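Student: The structure that follows is given in the form of structure tokens.
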Amino acid sequence: MSFTKQDIYKALETITAPGEGKSLIENNNVTNVVTFGDEVIVDVTISNPTLQAKKKIESEISKVIKIAVGEKIEVKINVKVEKPEPKETPNQIKGKAIPNIKNIIAIASGKGGVGKSTITSNVAISLAKMGFSVGVLDADVYGPSQHIMFDVEKARPLSVKVDGRSKMQPVENYGVKLLSLGFFTNPDEAVIWRGPMASKALNQLIFDGDWGELDFLLIDLPPGTGDVHLSIVQALPINGAVVVSTPQNIALADAKKGVAMFQQESINVPVLGIIENMAYFTPEELPNNKYYIFGKDGAKNLAIDIKTKFLGEIPLVQSIRESGDVGHPVALQEGTVLEKSFTDITKEIVSELLKRNSNLPPTEVVRITTMSGCSSVKK
Ligand SMILES: Nc1ncnc2c1ncn2[C@@H]1O[C@H](COP(=O)(O)OP(=O)(O)OP(=O)(O)O)[C@@H](O)[C@H]1O
């Protein structure tokens with residue numbers, strides 16, 4: 001019987017090593033193939049050290065060669081176990097990659113009540129209006145509010161079957177898909193989340209959510225920099241973080257801690273920049289008057305100090321609070337100054353993310369650049 005090494009490689013292209021996702025050939029598991037007569041020797045390296053994984057790969061290789069190349073072939077397999085070297089690079093994304101979600105951005109703040117959720121909902125809507133597919137995961141374990149801001153307070157995610165598995169269908173409004181812990185907790189009962197518990201619940205919302213294809217998933221993190229945050233940000237494949245602060249000194253001190261948290265070696269999530277919320281107060285009837293009630297340019301100066309991008313500012317305006325409370329964020333109000341402010345900030349975030357993702361395939365970068373109108377992205 002005659003066959004070539006190529007026949008063997010072709011057959012091995014159709015199977016994967018246990019837990020490694022890609023084909024044996026694509027994943028470079030097969031280190032050598034020797035053929036003579038009716039005999040084939042396959043050297044294969046896998047990362048799973050269990051006996052079960054070794055037996056499974058031996059039986060699959062033998063089976064696939066006999067089916068695809070020839071029944072009579074005598075197959076000898078040498079399995080070597082080698083743990084892949086962990087690669088520490090500045091662009092590393094922690095956690096398991098989610099193939100259908102292209103970019104995960106965490107929105108954080110050190111201090112509570114600085115407007116992190118307000119910024120998240122408006123940025124999500126701006127992204128959706130630019131044509132991106134967008135999801136929001138409300139991870140604020142202390143007080144989820146996105147379901148209110150998106151006017152879906154009473155909604156509950158439906159259970160759907162996807163490839164035989166039960167998944168949660170996010171609730172959708174204003175072109176944004178939303179999953180929130182707020183859908184599952186009783187607003188009258190305080191839930192005390194510990195780090196691992198919170199990260200498990202959030203992992204479930206992310207991995208068991210039927211998000212479809214998303215260009216962006218924004219995660220509204222709880223305020224602070226504690227144990228819950230560490231668990232969340234270490235477990236999820238976050239591409240970049242945005243930190244929200246008011247110009248007030250105590251908020252800035254906490255924002256600085258927030259930035260430092262993402263920069264810790266064990267977390268290593270790039271900080272895309274800082275947004276200054278409540279930068280000044282403007283009465284609706286006197287739009288040209290600015291009152292710097294929390295101080296002036298605090299977050300801008302912090303960004304310069306810690307060499308982080310300043311992504312823009314949002315004033316303290318009554319309509320921002322009102323529109324959030326009634327579930328119709330200001331970014332929906334076409335042609336207004338505030339809508340434009342959120343569009344500008346959103347473009348800055350996308351620009352920074354593109355720089356961070358500069359190792360993505362060029363088509364992806366171009367597509368996102370074009371959609372958000374970020375022609376000014378310097379690469
Ligand atoms: N720029 C703004 N102008 C007016 N009101 C604002 C502005 N930003 C936020 N608010 C209001 O301030 C309050 C707190 O905002 P938000 O809930 O977004 O903050 P947060 O940082 O997410 O809070 P938490 O600590 O609860 O997570 C809300 O009532 C919101 O409507």
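In the structure tokens, the first chain shown is A, the next is B, and so on; residue numbers restart at 1 for each chain, and ligands run from 1 in the order shown.
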So that I can check the surroundings of stretch 26-29 of chain A, please list as a PyMOL selection string every protein, DNA and RNA residue that reaches within 12 Å of it, counting only C-alpha atoms and ignoring chain neighbours fewer than 3 positions away.
Tutor: chain A and resi 9-10+12-23+32-33+42-48+57+61+78-84
Student: Distance limit 7 Å, reference ligand 1, atoms considered: only C-alpha atoms and all ligand atoms. Which residues make the cut? Give them as a list in words.
Tutor: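 Residues satisfying the distance criterion: Ser109, Lys111, Gly112, Gly113, Val114, Gly115, Lys116, Ser117, Thr118, Ile119, Asp140, Gly143, Ser145, Pro222, Pro223, Asn277, Met278, Ile314, Pro315, Leu316, Val317, Gln318, Ser319, Ile320, Arg321, Glu322, Gly324 and Asp325 of chain A.
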Student: Export, as a compact mmCIF listing (two decimals), in the first residue's frame, the selected residues with C-alpha atoms.
Tutor:
# COMPACT_ATOMS: atom_id res chain seq x y z
CA SER A 109 -13.78 54.24 39.00
CA LYS A 111 -14.72 56.23 44.12
CA GLY A 112 -18.44 55.47 44.02
CA GLY A 113 -21.03 57.78 42.52
CA VAL A 114 -18.71 59.54 40.08
CA GLY A 115 -20.86 58.58 37.07
CA LYS A 116 -19.24 55.36 35.86
CA SER A 117 -22.59 53.76 34.97
CA THR A 118 -23.83 56.94 33.29
CA ILE A 119 -20.68 57.07 31.16
CA ASP A 140 -21.65 46.42 39.67
CA GLY A 143 -25.72 48.35 42.99
CA SER A 145 -28.15 50.26 37.54
CA PRO A 222 -18.27 48.07 40.82
CA PRO A 223 -16.61 51.15 42.34
CA ASN A 277 -17.19 63.49 34.66
CA MET A 278 -18.98 66.41 36.34
CA ILE A 314 -18.59 65.63 30.59
CA PRO A 315 -20.22 68.49 32.51
CA LEU A 316 -22.61 68.15 35.41
CA VAL A 317 -25.97 68.79 33.79
CA GLN A 318 -29.39 68.15 35.22
CA SER A 319 -30.62 66.46 32.04
CA ILE A 320 -27.88 63.81 32.30
CA ARG A 321 -29.19 62.75 35.70
CA GLU A 322 -32.83 62.97 34.61
CA GLY A 324 -30.48 58.30 33.17
CA ASP A 325 -33.22 58.01 35.79
Student: With distances taken over only C-alpha atoms, which of A:Phe132, A:Phe342, A:Phe310, A:Phe207 is nearest to A:Leu236?
Tutor: A:Phe207
Student: Out of stretch 116-172 of chain A, which residues get helix (DSSP H, G or I) from DSSP, as a list in words?
Tutor: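 Assigned to helix (DSSP H, G or I), within stretch 116-172 of chain A: Lys116, Ser117, Thr118, Ile119, Thr120, Ser121, Asn122, Val123, Ala124, Ile125, Ser126, Leu127, Ala128, Lys129, Gln146, His147, Ile148 and Met149 of chain A.
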Student: List as a list in words the protein and nucleic acid residues near stretch 168-182 of chain A, meaning an atom at most 6 Å away when only C-alpha atoms are counted, but skip any in the same chain fewer than 3 places from it.
Tutor: Ala128, Val134, Gly135, Val136, Leu137, Asp138, Pro144, Pro157, Leu158, Ser159, Thr185, Gly209 and Asp210 of chain A
Student: Quick one, how far is atom CA of A:Met149 from atom CA of A:Leu302?
Tutor: 28.8 Å
Student: Find, counting only C-alpha atoms, the residue in A:Thr343, A:Asn100, A:Thr50, A:Thr35 that gets nearest to A:Gln6.
Tutor: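 Among the listed residues, A:Thr35 lies closest to A:Gln6.
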Student: Could you state the separation of atom CA of A:Phe36 and atom CA of A:Lys76 in Å, given to one decimal place?
Tutor: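 Value for the atom CA of A:Phe36-atom CA of A:Lys76 distance: 11.7 Å.
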Student: List the spatial neighbours of A:Tyr280 as a VMD selection string - criterion: any atom at most 10 Å away, only C-alpha atoms, same-chain residues fewer than 5 positions off excluded.
Tutor: chain A and resid 246 to 247 289 to 297 313 to 317
Student: Just write the chosen residues, C-alpha atoms, as a JSON list (two decimals), in the first residue's frame.
Tutor:
[["chain", "number", "residue", "atom", "x", "y", "z"],
["A", 246, "THR", "CA", -14.67, 63.75, 38.95],
["A", 247, "PRO", "CA", -12.12, 66.58, 39.35],
["A", 289, "ASN", "CA", -21.70, 79.54, 32.28],
["A", 290, "LYS", "CA", -19.33, 77.03, 33.84],
["A", 291, "TYR", "CA", -19.03, 76.54, 37.59],
["A", 292, "TYR", "CA", -16.14, 74.35, 38.68],
["A", 293, "ILE", "CA", -17.81, 73.05, 41.82],
["A", 294, "PHE", "CA", -15.60, 69.96, 42.18],
["A", 295, "GLY", "CA", -12.42, 71.79, 41.13],
["A", 296, "LYS", "CA", -10.96, 72.44, 37.71],
["A", 297, "ASP", "CA", -9.13, 70.03, 35.40],
["A", 313, "GLU", "CA", -14.87, 65.62, 29.90],
["A", 314, "ILE", "CA", -18.59, 65.63, 30.59],
["A", 315, "PRO", "CA", -20.22, 68.49, 32.51],
["A", 316, "LEU", "CA", -22.61, 68.15, 35.41],
["A", 317, "VAL", "CA", -25.97, 68.79, 33.79]]
Student: I need the residues in stretch 283-357 of chain A that are strand (DSSP E or B) according to DSSP; give them as a PDB file with N, CA and C atoms, in the first residue's frame.
Tutor:
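Generated output (out_17.pdb):
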ATOM      1  N   TYR A 291     -19.390  76.418  36.168  1.00  0.00           N
ATOM      2  CA  TYR A 291     -19.034  76.542  37.589  1.00  0.00           C
ATOM      3  C   TYR A 291     -18.262  75.290  37.979  1.00  0.00           C
ATOM      4  N   PHE A 310      -5.981  61.437  28.361  1.00  0.00           N
ATOM      5  CA  PHE A 310      -7.205  62.089  28.832  1.00  0.00           C
ATOM      6  C   PHE A 310      -8.235  61.956  27.716  1.00  0.00           C
ATOM      7  N   LEU A 311      -9.318  61.255  28.001  1.00  0.00           N
ATOM      8  CA  LEU A 311     -10.269  60.906  26.933  1.00  0.00           C
ATOM      9  C   LEU A 311     -11.356  61.960  26.723  1.00  0.00           C
ATOM     10  N   GLY A 312     -11.486  62.889  27.680  1.00  0.00           N
ATOM     11  CA  GLY A 312     -12.481  63.948  27.500  1.00  0.00           C
ATOM     12  C   GLY A 312     -13.259  64.208  28.776  1.00  0.00           C
ATOM     13  N   GLU A 313     -14.138  65.230  28.690  1.00  0.00           N
ATOM     14  CA  GLU A 313     -14.869  65.624  29.897  1.00  0.00           C
ATOM     15  C   GLU A 313     -16.363  65.739  29.614  1.00  0.00           C
ATOM     16  N   ILE A 314     -17.135  65.508  30.661  1.00  0.00           N
ATOM     17  CA  ILE A 314     -18.589  65.634  30.585  1.00  0.00           C
ATOM     18  C   ILE A 314     -19.005  66.554  31.732  1.00  0.00           C
ATOM     19  N   PRO A 315     -19.804  67.593  31.427  1.00  0.00           N
ATOM     20  CA  PRO A 315     -20.216  68.495  32.515  1.00  0.00           C
ATOM     21  C   PRO A 315     -21.301  67.897  33.400  1.00  0.00           C
ATOM     22  N   LEU A 316     -21.511  68.528  34.514  1.00  0.00           N
ATOM     23  CA  LEU A 316     -22.610  68.153  35.409  1.00  0.00           C
ATOM     24  C   LEU A 316     -23.845  68.906  34.911  1.00  0.00           C
TER      25      LEU A 316
END
Student: Excluding stretch 326-333 of chain A and any residue of its chain fewer than 5 positions from it, enumerate the residues within 7 Å of it, using only C-alpha atoms, and give them as a PDB file with C-alpha atoms, in the first residue's frame.
Tutor:
ATOM      1  CA  ASN A 122     -23.904  56.647  27.004  1.00  0.00           C
ATOM      2  CA  ILE A 125     -25.246  53.922  22.897  1.00  0.00           C
ATOM      3  CA  SER A 126     -22.735  56.090  21.002  1.00  0.00           C
ATOM      4  CA  ILE A 148     -32.713  51.231  34.832  1.00  0.00           C
ATOM      5  CA  MET A 149     -30.631  53.379  32.475  1.00  0.00           C
ATOM      6  CA  PHE A 150     -31.655  51.187  29.539  1.00  0.00           C
ATOM      7  CA  ASP A 151     -35.306  51.251  30.630  1.00  0.00           C
ATOM      8  CA  ILE A 320     -27.875  63.813  32.296  1.00  0.00           C
ATOM      9  CA  LEU A 338     -24.072  66.320  25.129  1.00  0.00           C
ATOM     10  CA  GLU A 339     -24.648  63.748  22.409  1.00  0.00           C
ATOM     11  CA  PHE A 342     -20.229  61.390  24.227  1.00  0.00           C
TER      12      PHE A 342
END
